[in-house]
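Here is the file protein.cif (mmCIF, C-alpha atoms).
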```
data_model
#
loop_
_atom_site.group_PDB
_atom_site.id
_atom_site.type_symbol
_atom_site.label_atom_id
_atom_site.label_comp_id
_atom_site.auth_asym_id
_atom_site.auth_seq_id
_atom_site.Cartn_x
_atom_site.Cartn_y
_atom_site.Cartn_z
ATOM 1 C CA MET A 1 0.000 0.000 0.000
ATOM 2 C CA SER A 2 1.349 3.431 -0.856
ATOM 3 C CA SER A 3 -0.096 6.906 -0.465
ATOM 4 C CA SER A 4 0.539 10.559 -1.148
ATOM 5 C CA VAL A 5 -1.194 13.715 0.070
ATOM 6 C CA SER A 6 -2.196 16.369 -2.428
ATOM 7 C CA SER A 7 -0.667 19.788 -1.856
ATOM 8 C CA SER A 8 -3.785 21.791 -2.599
ATOM 9 C CA THR A 9 -5.291 23.902 0.168
ATOM 10 C CA ALA A 10 -7.892 25.687 -1.956
ATOM 11 C CA THR A 11 -11.256 26.376 -0.327
ATOM 12 C CA SER A 12 -13.335 27.458 -3.319
ATOM 13 C CA SER A 13 -17.016 26.480 -3.233
ATOM 14 C CA ASN A 14 -17.133 26.515 -7.044
ATOM 15 C CA VAL A 15 -17.279 22.863 -8.140
ATOM 16 C CA PHE A 16 -14.962 23.547 -11.094
ATOM 17 C CA GLU A 17 -12.201 24.573 -8.694
ATOM 18 C CA THR A 18 -10.435 22.409 -6.113
ATOM 19 C CA GLY A 19 -12.645 21.801 -3.083
ATOM 20 C CA LYS A 20 -11.998 22.521 0.584
ATOM 21 C CA TYR A 21 -10.647 19.092 1.534
ATOM 22 C CA LYS A 22 -7.029 18.007 1.369
ATOM 23 C CA THR A 23 -6.834 14.566 -0.208
ATOM 24 C CA VAL A 24 -4.701 11.449 -0.027
ATOM 25 C CA LEU A 25 -4.162 9.045 -2.916
ATOM 26 C CA GLN A 26 -3.513 5.368 -2.135
ATOM 27 C CA THR A 27 -2.532 2.425 -4.345
ATOM 28 C CA ILE A 28 -3.872 -0.931 -3.152
ATOM 29 C CA GLU A 29 -2.776 -4.289 -4.559
ATOM 30 C CA SER A 30 -5.408 -6.914 -5.355
ATOM 31 C CA ALA A 31 -6.012 -10.255 -3.675
ATOM 32 C CA THR A 32 -4.812 -12.186 -6.722
ATOM 33 C CA ARG A 33 -1.451 -10.415 -6.900
ATOM 34 C CA THR A 34 -0.550 -10.656 -3.218
ATOM 35 C CA THR A 35 0.606 -13.948 -1.738
ATOM 36 C CA LYS A 36 0.275 -12.815 1.884
ATOM 37 C CA SER A 37 -1.704 -9.619 2.063
ATOM 38 C CA PRO A 38 -1.485 -7.332 5.121
ATOM 39 C CA ILE A 39 -5.055 -6.267 4.305
ATOM 40 C CA PRO A 40 -7.707 -8.281 6.174
ATOM 41 C CA VAL A 41 -10.054 -8.361 3.182
ATOM 42 C CA PRO A 42 -8.031 -7.550 0.034
ATOM 43 C CA PRO A 43 -9.947 -6.288 -3.017
ATOM 44 C CA PRO A 44 -10.529 -8.512 -6.071
ATOM 45 C CA LYS A 45 -8.689 -5.982 -8.269
ATOM 46 C CA ALA A 46 -5.928 -3.446 -7.682
ATOM 47 C CA LEU A 47 -7.370 -0.077 -6.648
ATOM 48 C CA LEU A 48 -6.472 3.576 -6.655
ATOM 49 C CA ILE A 49 -8.347 5.286 -3.809
ATOM 50 C CA CYS A 50 -8.543 9.034 -3.276
ATOM 51 C CA MET A 51 -10.171 10.399 -0.125
ATOM 52 C CA PRO A 52 -10.361 13.476 2.070
ATOM 53 C CA THR A 53 -7.888 13.526 4.963
ATOM 54 C CA ASP A 54 -10.440 15.175 7.278
ATOM 55 C CA ALA A 55 -12.612 13.208 9.675
ATOM 56 C CA GLY A 56 -16.114 12.495 8.460
ATOM 57 C CA GLN A 57 -18.452 10.196 6.599
ATOM 58 C CA PHE A 58 -18.334 10.616 2.826
ATOM 59 C CA PRO A 59 -20.282 9.349 -0.208
ATOM 60 C CA VAL A 60 -18.441 6.869 -2.440
ATOM 61 C CA LEU A 61 -17.814 6.981 -6.196
ATOM 62 C CA LEU A 62 -16.625 3.974 -8.187
ATOM 63 C CA LEU A 63 -14.822 5.220 -11.346
ATOM 64 C CA LEU A 64 -13.952 2.829 -14.207
ATOM 65 C CA HIS A 65 -11.105 3.550 -16.632
ATOM 66 C CA GLY A 66 -11.234 3.459 -20.419
ATOM 67 C CA TYR A 67 -10.053 0.796 -22.854
ATOM 68 C CA LEU A 68 -6.378 -0.174 -22.333
ATOM 69 C CA LEU A 69 -5.872 2.819 -20.037
ATOM 70 C CA LEU A 70 -4.511 2.772 -16.481
ATOM 71 C CA ASN A 71 -6.437 3.949 -13.440
ATOM 72 C CA SER A 72 -3.433 6.115 -12.528
ATOM 73 C CA PHE A 73 -4.120 8.269 -15.612
ATOM 74 C CA TYR A 74 -7.156 9.658 -13.763
ATOM 75 C CA SER A 75 -5.349 10.695 -10.570
ATOM 76 C CA GLN A 76 -5.946 14.450 -11.055
ATOM 77 C CA LEU A 77 -9.638 13.869 -11.771
ATOM 78 C CA LEU A 78 -9.913 11.640 -8.677
ATOM 79 C CA GLN A 79 -8.283 14.309 -6.515
ATOM 80 C CA HIS A 80 -10.608 16.997 -7.854
ATOM 81 C CA VAL A 81 -13.726 14.994 -6.971
ATOM 82 C CA ALA A 82 -12.372 13.834 -3.595
ATOM 83 C CA SER A 83 -11.499 17.415 -2.616
ATOM 84 C CA HIS A 84 -15.229 18.153 -2.606
ATOM 85 C CA GLY A 85 -15.962 15.471 -0.018
ATOM 86 C CA PHE A 86 -16.098 12.095 -1.783
ATOM 87 C CA ILE A 87 -14.202 8.819 -1.487
ATOM 88 C CA VAL A 88 -13.283 7.873 -5.065
ATOM 89 C CA ILE A 89 -12.260 4.310 -5.957
ATOM 90 C CA ALA A 90 -10.705 3.549 -9.353
ATOM 91 C CA PRO A 91 -10.050 -0.171 -9.959
ATOM 92 C CA GLN A 92 -7.574 -1.452 -12.524
ATOM 93 C CA LEU A 93 -9.962 -3.748 -14.351
ATOM 94 C CA TYR A 94 -7.442 -5.151 -16.817
ATOM 95 C CA THR A 95 -4.116 -4.481 -18.543
ATOM 96 C CA VAL A 96 -4.784 -6.499 -21.704
ATOM 97 C CA ALA A 97 -8.328 -6.883 -23.013
ATOM 98 C CA GLY A 98 -10.146 -8.241 -26.021
ATOM 99 C CA PRO A 99 -13.425 -7.053 -27.507
ATOM 100 C CA ASP A 100 -15.631 -8.781 -24.921
ATOM 101 C CA SER A 101 -16.208 -6.672 -21.799
ATOM 102 C CA SER A 102 -17.991 -9.390 -19.779
ATOM 103 C CA ASP A 103 -14.995 -9.833 -17.483
ATOM 104 C CA GLU A 104 -14.926 -6.111 -16.653
ATOM 105 C CA ILE A 105 -18.623 -6.185 -15.778
ATOM 106 C CA LYS A 106 -18.113 -9.207 -13.510
ATOM 107 C CA ALA A 107 -15.045 -7.617 -11.909
ATOM 108 C CA THR A 108 -16.886 -4.361 -11.228
ATOM 109 C CA ALA A 109 -19.734 -6.290 -9.606
ATOM 110 C CA ALA A 110 -17.207 -8.171 -7.448
ATOM 111 C CA ILE A 111 -15.559 -4.906 -6.356
ATOM 112 C CA THR A 112 -18.972 -3.413 -5.544
ATOM 113 C CA ASN A 113 -19.848 -6.450 -3.419
ATOM 114 C CA TRP A 114 -16.454 -6.247 -1.681
ATOM 115 C CA LEU A 115 -16.993 -2.634 -0.547
ATOM 116 C CA THR A 116 -19.175 -3.514 2.439
ATOM 117 C CA GLU A 117 -16.671 -5.852 4.058
ATOM 118 C CA GLY A 118 -13.377 -4.581 2.716
ATOM 119 C CA LEU A 119 -13.321 -0.821 2.134
ATOM 120 C CA GLN A 120 -13.142 0.432 5.716
ATOM 121 C CA HIS A 121 -9.980 -1.644 6.298
ATOM 122 C CA LEU A 122 -8.215 0.521 3.701
ATOM 123 C CA LEU A 123 -9.312 3.854 5.190
ATOM 124 C CA PRO A 124 -8.140 5.701 8.297
ATOM 125 C CA HIS A 125 -10.427 5.191 11.294
ATOM 126 C CA HIS A 126 -11.636 8.800 11.102
ATOM 127 C CA VAL A 127 -12.676 8.499 7.417
ATOM 128 C CA LYS A 128 -15.934 6.585 7.002
ATOM 129 C CA PRO A 129 -17.566 5.529 3.708
ATOM 130 C CA ASN A 130 -21.309 6.051 3.365
ATOM 131 C CA LEU A 131 -22.273 3.135 1.136
ATOM 132 C CA THR A 132 -25.918 4.202 1.124
ATOM 133 C CA LYS A 133 -24.693 7.092 -1.033
ATOM 134 C CA LEU A 134 -22.918 5.225 -3.822
ATOM 135 C CA ALA A 135 -22.320 6.441 -7.381
ATOM 136 C CA LEU A 136 -20.957 4.622 -10.441
ATOM 137 C CA ALA A 137 -19.038 6.298 -13.266
ATOM 138 C CA GLY A 138 -16.989 5.141 -16.213
ATOM 139 C CA HIS A 139 -15.012 6.591 -19.085
ATOM 140 C CA SER A 140 -15.113 5.235 -22.655
ATOM 141 C CA ARG A 141 -15.442 1.435 -22.457
ATOM 142 C CA GLY A 142 -15.609 1.901 -18.691
ATOM 143 C CA GLY A 143 -18.725 3.973 -19.354
ATOM 144 C CA LYS A 144 -20.272 1.057 -21.233
ATOM 145 C CA THR A 145 -19.314 -1.234 -18.346
ATOM 146 C CA SER A 146 -20.953 1.150 -15.876
ATOM 147 C CA PHE A 147 -24.194 1.186 -17.847
ATOM 148 C CA ALA A 148 -24.087 -2.604 -18.153
ATOM 149 C CA LEU A 149 -23.768 -3.009 -14.391
ATOM 150 C CA ALA A 150 -26.496 -0.434 -13.738
ATOM 151 C CA LEU A 151 -28.711 -2.378 -16.151
ATOM 152 C CA ARG A 152 -28.168 -5.436 -13.937
ATOM 153 C CA LYS A 153 -26.166 -7.554 -16.360
ATOM 154 C CA GLN A 154 -24.470 -8.597 -13.113
ATOM 155 C CA LEU A 155 -26.176 -8.322 -9.736
ATOM 156 C CA THR A 156 -24.671 -6.454 -6.792
ATOM 157 C CA THR A 157 -25.457 -6.424 -3.089
ATOM 158 C CA LEU A 158 -25.212 -2.631 -2.929
ATOM 159 C CA LYS A 159 -27.514 -0.206 -4.719
ATOM 160 C CA PHE A 160 -26.190 2.664 -6.824
ATOM 161 C CA SER A 161 -27.934 6.026 -6.540
ATOM 162 C CA ALA A 162 -26.366 7.786 -9.544
ATOM 163 C CA LEU A 163 -24.722 6.815 -12.841
ATOM 164 C CA ILE A 164 -22.243 8.870 -14.889
ATOM 165 C CA GLY A 165 -21.049 8.062 -18.401
ATOM 166 C CA ILE A 166 -17.888 9.986 -19.331
ATOM 167 C CA ASP A 167 -17.789 9.861 -23.133
ATOM 168 C CA PRO A 168 -19.098 6.265 -23.073
ATOM 169 C CA VAL A 169 -18.444 4.033 -26.099
ATOM 170 C CA ASP A 170 -20.096 0.724 -27.065
ATOM 171 C CA GLY A 171 -17.937 -0.562 -29.921
ATOM 172 C CA MET A 172 -16.724 0.607 -33.320
ATOM 173 C CA ASP A 173 -19.990 1.534 -35.059
ATOM 174 C CA LYS A 174 -23.702 0.804 -35.028
ATOM 175 C CA GLY A 175 -23.926 -2.939 -35.682
ATOM 176 C CA LYS A 176 -20.329 -3.353 -34.503
ATOM 177 C CA GLN A 177 -20.885 -3.218 -30.779
ATOM 178 C CA THR A 178 -18.574 -5.069 -28.447
ATOM 179 C CA PRO A 179 -20.185 -7.934 -26.511
ATOM 180 C CA PRO A 180 -22.264 -7.787 -24.491
ATOM 181 C CA PRO A 181 -23.993 -4.916 -26.320
ATOM 182 C CA VAL A 182 -25.578 -2.227 -24.147
ATOM 183 C CA LEU A 183 -27.185 0.116 -26.680
ATOM 184 C CA THR A 184 -30.551 -0.985 -28.086
ATOM 185 C CA TYR A 185 -31.310 2.105 -30.256
ATOM 186 C CA VAL A 186 -34.754 2.323 -28.681
ATOM 187 C CA PRO A 187 -35.351 5.802 -27.195
ATOM 188 C CA HIS A 188 -35.551 5.805 -23.375
ATOM 189 C CA ALA A 189 -35.063 2.032 -23.268
ATOM 190 C CA PHE A 190 -32.660 1.990 -20.317
ATOM 191 C CA ASP A 191 -34.491 0.710 -17.242
ATOM 192 C CA LEU A 192 -32.345 2.478 -14.648
ATOM 193 C CA ASP A 193 -33.600 3.121 -11.146
ATOM 194 C CA MET A 194 -31.275 6.095 -10.669
ATOM 195 C CA ALA A 195 -30.377 9.519 -11.990
ATOM 196 C CA VAL A 196 -28.004 9.541 -14.985
ATOM 197 C CA MET A 197 -25.525 12.000 -16.452
ATOM 198 C CA VAL A 198 -23.759 11.637 -19.799
ATOM 199 C CA ILE A 199 -20.715 13.767 -20.673
ATOM 200 C CA GLY A 200 -19.664 13.861 -24.312
ATOM 201 C CA SER A 201 -16.619 15.209 -26.157
ATOM 202 C CA GLY A 202 -17.121 17.275 -29.282
ATOM 203 C CA LEU A 203 -13.951 15.910 -30.901
ATOM 204 C CA GLY A 204 -14.454 12.273 -29.866
ATOM 205 C CA ALA A 205 -16.087 11.331 -33.175
ATOM 206 C CA VAL A 206 -13.341 13.022 -35.227
ATOM 207 C CA LYS A 207 -10.488 10.924 -36.629
ATOM 208 C CA ARG A 208 -7.007 11.975 -35.624
ATOM 209 C CA ASN A 209 -5.218 9.431 -37.783
ATOM 210 C CA PRO A 210 -6.600 8.066 -41.082
ATOM 211 C CA LEU A 211 -5.289 4.609 -40.141
ATOM 212 C CA PHE A 212 -7.404 4.393 -36.981
ATOM 213 C CA PRO A 213 -11.096 4.927 -36.272
ATOM 214 C CA PRO A 214 -12.217 7.833 -34.075
ATOM 215 C CA CYS A 215 -12.052 7.151 -30.353
ATOM 216 C CA ALA A 216 -15.799 7.717 -29.794
ATOM 217 C CA PRO A 217 -17.486 6.887 -33.123
ATOM 218 C CA LYS A 218 -20.947 8.127 -34.021
ATOM 219 C CA GLY A 219 -23.567 5.429 -33.583
ATOM 220 C CA VAL A 220 -22.041 4.043 -30.380
ATOM 221 C CA ASN A 221 -21.109 7.149 -28.404
ATOM 222 C CA HIS A 222 -22.466 9.603 -25.830
ATOM 223 C CA GLU A 223 -25.360 10.755 -28.010
ATOM 224 C CA ASP A 224 -26.725 7.221 -28.315
ATOM 225 C CA PHE A 225 -26.322 6.527 -24.598
ATOM 226 C CA TYR A 226 -28.186 9.697 -23.643
ATOM 227 C CA ASN A 227 -30.992 8.962 -26.090
ATOM 228 C CA GLU A 228 -31.730 5.726 -24.254
ATOM 229 C CA CYS A 229 -31.758 7.331 -20.794
ATOM 230 C CA ARG A 230 -34.948 8.110 -18.963
ATOM 231 C CA GLN A 231 -35.443 11.114 -16.710
ATOM 232 C CA PRO A 232 -33.867 12.373 -14.568
ATOM 233 C CA ALA A 233 -30.920 12.661 -16.970
ATOM 234 C CA CYS A 234 -28.300 15.371 -17.589
ATOM 235 C CA TYR A 235 -26.357 15.686 -20.834
ATOM 236 C CA PHE A 236 -23.358 17.873 -21.639
ATOM 237 C CA VAL A 237 -21.235 17.849 -24.789
ATOM 238 C CA VAL A 238 -17.997 19.804 -24.558
ATOM 239 C CA LYS A 239 -16.953 21.603 -27.720
ATOM 240 C CA ASP A 240 -13.313 21.549 -28.917
ATOM 241 C CA TYR A 241 -12.175 18.795 -26.527
ATOM 242 C CA GLY A 242 -11.477 15.146 -27.174
ATOM 243 C CA HIS A 243 -12.113 11.687 -25.816
ATOM 244 C CA VAL A 244 -9.156 11.542 -23.397
ATOM 245 C CA ASP A 245 -8.866 15.211 -22.451
ATOM 246 C CA MET A 246 -10.037 14.527 -18.886
ATOM 247 C CA LEU A 247 -6.935 12.422 -18.164
ATOM 248 C CA ASP A 248 -3.868 13.650 -16.267
ATOM 249 C CA ASP A 249 -1.706 16.264 -17.939
ATOM 250 C CA ASP A 250 1.158 13.787 -18.188
ATOM 251 C CA THR A 251 0.345 10.136 -18.859
ATOM 252 C CA LYS A 252 3.535 8.106 -19.056
ATOM 253 C CA GLY A 253 4.492 4.895 -20.818
ATOM 254 C CA ILE A 254 3.325 3.461 -24.125
ATOM 255 C CA ARG A 255 -0.324 3.528 -23.070
ATOM 256 C CA GLY A 256 -0.034 7.088 -21.888
ATOM 257 C CA LYS A 257 1.702 8.318 -25.011
ATOM 258 C CA SER A 258 -0.856 6.580 -27.238
ATOM 259 C CA SER A 259 -3.586 8.726 -25.685
ATOM 260 C CA TYR A 260 -1.983 11.735 -27.370
ATOM 261 C CA CYS A 261 -1.728 10.227 -30.848
ATOM 262 C CA LEU A 262 -4.837 8.034 -31.257
ATOM 263 C CA CYS A 263 -7.521 10.503 -30.217
ATOM 264 C CA LYS A 264 -8.243 14.049 -31.370
ATOM 265 C CA ASN A 265 -7.266 16.370 -28.514
ATOM 266 C CA GLY A 266 -8.006 19.914 -27.435
ATOM 267 C CA ASN A 267 -5.280 22.447 -26.753
ATOM 268 C CA SER A 268 -5.003 21.518 -23.072
ATOM 269 C CA ARG A 269 -6.434 18.813 -20.845
ATOM 270 C CA GLU A 270 -6.952 21.010 -17.798
ATOM 271 C CA PRO A 271 -10.233 22.734 -18.843
ATOM 272 C CA MET A 272 -11.938 19.468 -19.840
ATOM 273 C CA ARG A 273 -10.713 17.753 -16.685
ATOM 274 C CA LYS A 274 -11.909 20.618 -14.462
ATOM 275 C CA PHE A 275 -15.293 20.592 -16.180
ATOM 276 C CA THR A 276 -15.626 16.811 -15.928
ATOM 277 C CA GLY A 277 -14.696 16.788 -12.245
ATOM 278 C CA GLY A 278 -16.868 19.778 -11.440
ATOM 279 C CA ILE A 279 -19.996 18.607 -13.205
ATOM 280 C CA MET A 280 -19.587 15.169 -11.596
ATOM 281 C CA VAL A 281 -19.429 16.825 -8.173
ATOM 282 C CA ALA A 282 -22.486 18.992 -8.880
ATOM 283 C CA PHE A 283 -24.475 16.016 -10.168
ATOM 284 C CA MET A 284 -23.566 13.772 -7.232
ATOM 285 C CA LYS A 285 -24.257 16.489 -4.669
ATOM 286 C CA ALA A 286 -27.692 16.847 -6.231
ATOM 287 C CA TYR A 287 -28.741 13.239 -6.687
ATOM 288 C CA ILE A 288 -26.829 11.549 -3.873
ATOM 289 C CA GLU A 289 -26.805 14.214 -1.184
ATOM 290 C CA GLY A 290 -29.959 16.135 -2.134
ATOM 291 C CA ASP A 291 -28.115 19.454 -2.525
ATOM 292 C CA PHE A 292 -29.063 20.896 -5.921
ATOM 293 C CA SER A 293 -27.473 24.320 -5.375
ATOM 294 C CA SER A 294 -24.312 23.691 -7.436
ATOM 295 C CA LEU A 295 -26.182 22.025 -10.298
ATOM 296 C CA MET A 296 -28.737 24.866 -10.392
ATOM 297 C CA ALA A 297 -25.935 27.450 -10.285
ATOM 298 C CA ILE A 298 -24.466 25.857 -13.403
ATOM 299 C CA LYS A 299 -27.892 25.739 -15.049
ATOM 300 C CA ASP A 300 -28.490 29.414 -14.278
ATOM 301 C CA GLY A 301 -25.000 30.416 -15.380
ATOM 302 C CA HIS A 302 -23.887 31.594 -11.929
ATOM 303 C CA GLU A 303 -20.995 29.149 -12.046
ATOM 304 C CA THR A 304 -19.268 29.473 -15.401
ATOM 305 C CA ALA A 305 -17.928 26.273 -16.916
ATOM 306 C CA PRO A 306 -14.224 26.324 -17.893
ATOM 307 C CA VAL A 307 -15.170 25.022 -21.379
ATOM 308 C CA GLU A 308 -17.618 25.917 -24.133
ATOM 309 C CA LEU A 309 -20.589 23.564 -24.267
ATOM 310 C CA GLU A 310 -22.288 22.676 -27.524
ATOM 311 C CA THR A 311 -25.084 20.683 -25.855
ATOM 312 C CA VAL A 312 -26.661 21.286 -22.450
ATOM 313 C CA LYS A 313 -29.671 19.300 -21.215
ATOM 314 C CA PHE A 314 -30.948 19.225 -17.657
ATOM 315 C CA PRO A 315 -33.654 16.941 -16.241
ATOM 316 C CA GLN A 316 -37.122 17.966 -17.321
#
```

Please go through the file and, once you have read it, give me the structure as structure tokens.
Amino acid sequence: MSSSVSSSTATSSNVFETGKYKTVLQTIESATRTTKSPIPVPPPKALLICMPTDAGQFPVLLLLHGYLLLNSFYSQLLQHVASHGFIVIAPQLYTVAGPDSSDEIKATAAITNWLTEGLQHLLPHHVKPNLTKLALAGHSRGGKTSFALALRKQLTTLKFSALIGIDPVDGMDKGKQTPPPVLTYVPHAFDLDMAVMVIGSGLGAVKRNPLFPPCAPKGVNHEDFYNECRQPACYFVVKDYGHVDMLDDDTKGIRGKSSYCLCKNGNSREPMRKFTGGIMVAFMKAYIEGDFSSLMAIKDGHETAPVELETVKFPQ
């Protein structure tokens, strides 16, 4: 187990800025990779956990990474959300994966079921998880996995109260979905007993390289996911930013470098990451904690987003 404390001491109440809590980031090895674990109930997958350092009970967010990406690439996004009073858990679902995402869905269900017995052992005694306030989010293929779990393709012992798709993708094209398919192309078909938010990237459907398809192709991207959501559902599409622009500023290694050359990018990752983290915080405060003030401030324009939005839809 390793950890590091973020250096931020900002106290801004604006959700797009760093929140009032200092945070700590911990790396936890999985049960399968540890021969003799010092953790009483080790998790089924390796985890990256970000939490406030202050005493208190905090809602929990499970955040799933994108295809062939590492959970560590989301460390700045995790710290942003945690600084507003959330415990954020990012599992490493796989390092090598084929087209079938069934294993990721099963693994996410196993991690969800593990939370009740295992999470508190990984937290300081003064930091308590509130598992009655549990949200699920995923980026890219992780977004598809999140929707699949919310649609009960695997059962969990805990109930999610909110679902967030961060530029979710379900395959290469309409008719070329990866198994198990999630999209049905029937409007409002998703039978989800929770509030939903979909975040889309304006450049995700644009090819960067003629040899490779776009990272979030039309027909299987955020637009299609939102169309199948029922109310209450939020939808934001960010203009001039790409599919991986919410990742850390510096993503190392071959996987990290590929994120710069396979997907169309904006000029800087910081604005998209701040928007993604901020809108996630506002949405979860509203639908998990019952505090709609931040979400309404964004709707009314009192809190200005750090990006230009080409699509904005709030629950009707």

Since I can't run it myself right now, could you work out what the PyMOL selection byres ((chain A and resi 85-92) around 6) selects here and report it as a list in words?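 For this structure, the PyMOL selection byres ((chain A and resi 85-92) around 6) captures Ala46, Leu47, Leu48, Ile49, Cys50, Met51, Phe58, Pro59, Val60, Leu61, Leu62, Leu63, Leu64, Asn71, Ala82, Ser83, His84, Leu93 and Tyr94 of chain A.
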
Which residues, named as in the file, does the PyMOL selection byres ((chain A and resi 185-198) around 9) pick out? Answer as number ranges by chain. A: 147, 150-152, 160-168, 183-184, 199-200, 222-237, 280, 283, 287

For those residues, write C-alpha atoms to a file as a PDB file, in the coordinates of the input.
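Saved as again13.pdb:
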```
ATOM      1  CA  PHE A 147     -24.194   1.186 -17.847  1.00  0.00           C
ATOM      2  CA  ALA A 150     -26.496  -0.434 -13.738  1.00  0.00           C
ATOM      3  CA  LEU A 151     -28.711  -2.378 -16.151  1.00  0.00           C
ATOM      4  CA  ARG A 152     -28.168  -5.436 -13.937  1.00  0.00           C
ATOM      5  CA  PHE A 160     -26.190   2.664  -6.824  1.00  0.00           C
ATOM      6  CA  SER A 161     -27.934   6.026  -6.540  1.00  0.00           C
ATOM      7  CA  ALA A 162     -26.366   7.786  -9.544  1.00  0.00           C
ATOM      8  CA  LEU A 163     -24.722   6.815 -12.841  1.00  0.00           C
ATOM      9  CA  ILE A 164     -22.243   8.870 -14.889  1.00  0.00           C
ATOM     10  CA  GLY A 165     -21.049   8.062 -18.401  1.00  0.00           C
ATOM     11  CA  ILE A 166     -17.888   9.986 -19.331  1.00  0.00           C
ATOM     12  CA  ASP A 167     -17.789   9.861 -23.133  1.00  0.00           C
ATOM     13  CA  PRO A 168     -19.098   6.265 -23.073  1.00  0.00           C
ATOM     14  CA  LEU A 183     -27.185   0.116 -26.680  1.00  0.00           C
ATOM     15  CA  THR A 184     -30.551  -0.985 -28.086  1.00  0.00           C
ATOM     16  CA  ILE A 199     -20.715  13.767 -20.673  1.00  0.00           C
ATOM     17  CA  GLY A 200     -19.664  13.861 -24.312  1.00  0.00           C
ATOM     18  CA  HIS A 222     -22.466   9.603 -25.830  1.00  0.00           C
ATOM     19  CA  GLU A 223     -25.360  10.755 -28.010  1.00  0.00           C
ATOM     20  CA  ASP A 224     -26.725   7.221 -28.315  1.00  0.00           C
ATOM     21  CA  PHE A 225     -26.322   6.527 -24.598  1.00  0.00           C
ATOM     22  CA  TYR A 226     -28.186   9.697 -23.643  1.00  0.00           C
ATOM     23  CA  ASN A 227     -30.992   8.962 -26.090  1.00  0.00           C
ATOM     24  CA  GLU A 228     -31.730   5.726 -24.254  1.00  0.00           C
ATOM     25  CA  CYS A 229     -31.758   7.331 -20.794  1.00  0.00           C
ATOM     26  CA  ARG A 230     -34.948   8.110 -18.963  1.00  0.00           C
ATOM     27  CA  GLN A 231     -35.443  11.114 -16.710  1.00  0.00           C
ATOM     28  CA  PRO A 232     -33.867  12.373 -14.568  1.00  0.00           C
ATOM     29  CA  ALA A 233     -30.920  12.661 -16.970  1.00  0.00           C
ATOM     30  CA  CYS A 234     -28.300  15.371 -17.589  1.00  0.00           C
ATOM     31  CA  TYR A 235     -26.357  15.686 -20.834  1.00  0.00           C
ATOM     32  CA  PHE A 236     -23.358  17.873 -21.639  1.00  0.00           C
ATOM     33  CA  VAL A 237     -21.235  17.849 -24.789  1.00  0.00           C
ATOM     34  CA  MET A 280     -19.587  15.169 -11.596  1.00  0.00           C
ATOM     35  CA  PHE A 283     -24.475  16.016 -10.168  1.00  0.00           C
ATOM     36  CA  TYR A 287     -28.741  13.239  -6.687  1.00  0.00           C
TER      37      TYR A 287
END
```

Mind pulling up the distance from atom CA of A:Glu270 to atom CA of A:Lys299?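 We find that atom CA of A:Lys299 and atom CA of A:Glu270 lie 21.6 Å from each other.
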
Which residues would end up in the selection if the PyMOL selection byres ((chain A and resi 110) around 10) were applied here, given that I need the answer as a PyMOL selection string? chain A and resi 43-45+104-109+111-115+154-157

Surrounding residues of stretch 254-269 of chain A excluding itself and chain neighbours under 2 positions, 8 Å, all atoms listed in the file, as an MDAnalysis selection string: chainID A and resid 68:70 73 203:204 206:209 212 214:215 240:252 271:273

Find the residues around A:Lys144 up to 7 Å (only C-alpha atoms counted), leave out those fewer than 6 positions away in its own chain, and share them as a PyMOL selection string. chain A and resi 168-170+182

As lines of an AutoDock Vina configuration file, please: the centre and edge lengths in Å, to one decimal, of an axis-aligned box enclosing every listed atom of stretch 90-105 of chain A with 8 Å added on each side.
```
center_x = -11.4
center_y = -3.1
center_z = -18.4
size_x = 30.5
size_y = 29.4
size_z = 34.2
```

Using only C-alpha atoms: which of A:Leu119, A:Ile298, A:Ala205, A:Leu78 has the shortest distance to A:Val15: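 Among the listed residues, the smallest separation from A:Val15 belongs to A:Ile298.
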
Residue with smallest distance to A:Ser75 - pool A:Pro315, A:Gly290, A:Pro210, A:Gly277, counting all atoms listed in the file: A:Gly277

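Atom CA of A:Lys159 sits 21.1 Å away from atom CA of A:Leu122.
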
Can you list, as a short mmCIF file (atom, residue, chain, number, x, y, z; two decimals) with C-alpha atoms, in the coordinates of the input, every protein, DNA or RNA residue that comes within 7 Å of A:Gly66 when you count all atoms listed in the file, leaving out same-chain residues fewer than 5 positions away?
```
data_model
loop_
_atom_site.label_atom_id
_atom_site.label_comp_id
_atom_site.auth_asym_id
_atom_site.auth_seq_id
_atom_site.Cartn_x
_atom_site.Cartn_y
_atom_site.Cartn_z
CA HIS A 139 -15.01 6.59 -19.08
CA SER A 140 -15.11 5.24 -22.66
CA ARG A 141 -15.44 1.44 -22.46
CA GLY A 142 -15.61 1.90 -18.69
#
```

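Nearest to A:Gly219 of all the residues A:Thr116, A:Gln177, A:Ser30, A:Thr276 is A:Gln177, based on all atoms listed in the file.
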
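Restricting the calculation to only C-alpha atoms, the smallest distance between A:Ser102 and any of A:Lys153, A:Lys313, A:Lys239, A:His80 is found for A:Lys153.
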
In Å and to one decimal, atom CA of A:Thr304 is distant from atom CA of A:Gln316 by 21.3 Å

Which one of A:Val281, A:Leu131, A:Met172, A:Met296 sits closest to A:Thr18 if you count all atoms listed in the file?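 When distances to A:Thr18 are compared using all atoms listed in the file, the smallest one comes from A:Val281.
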
Starting from the point (-14.7, 3.7, 4.9), work out which residues of protein, DNA or RNA have an atom no more than 6 Å away when counting all atoms listed in the file; state them as a list of chain:residue names.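 Looking at atoms near the point gives A:Leu119, A:Gln120, A:Leu123, A:Val127, A:Lys128, A:Pro129.
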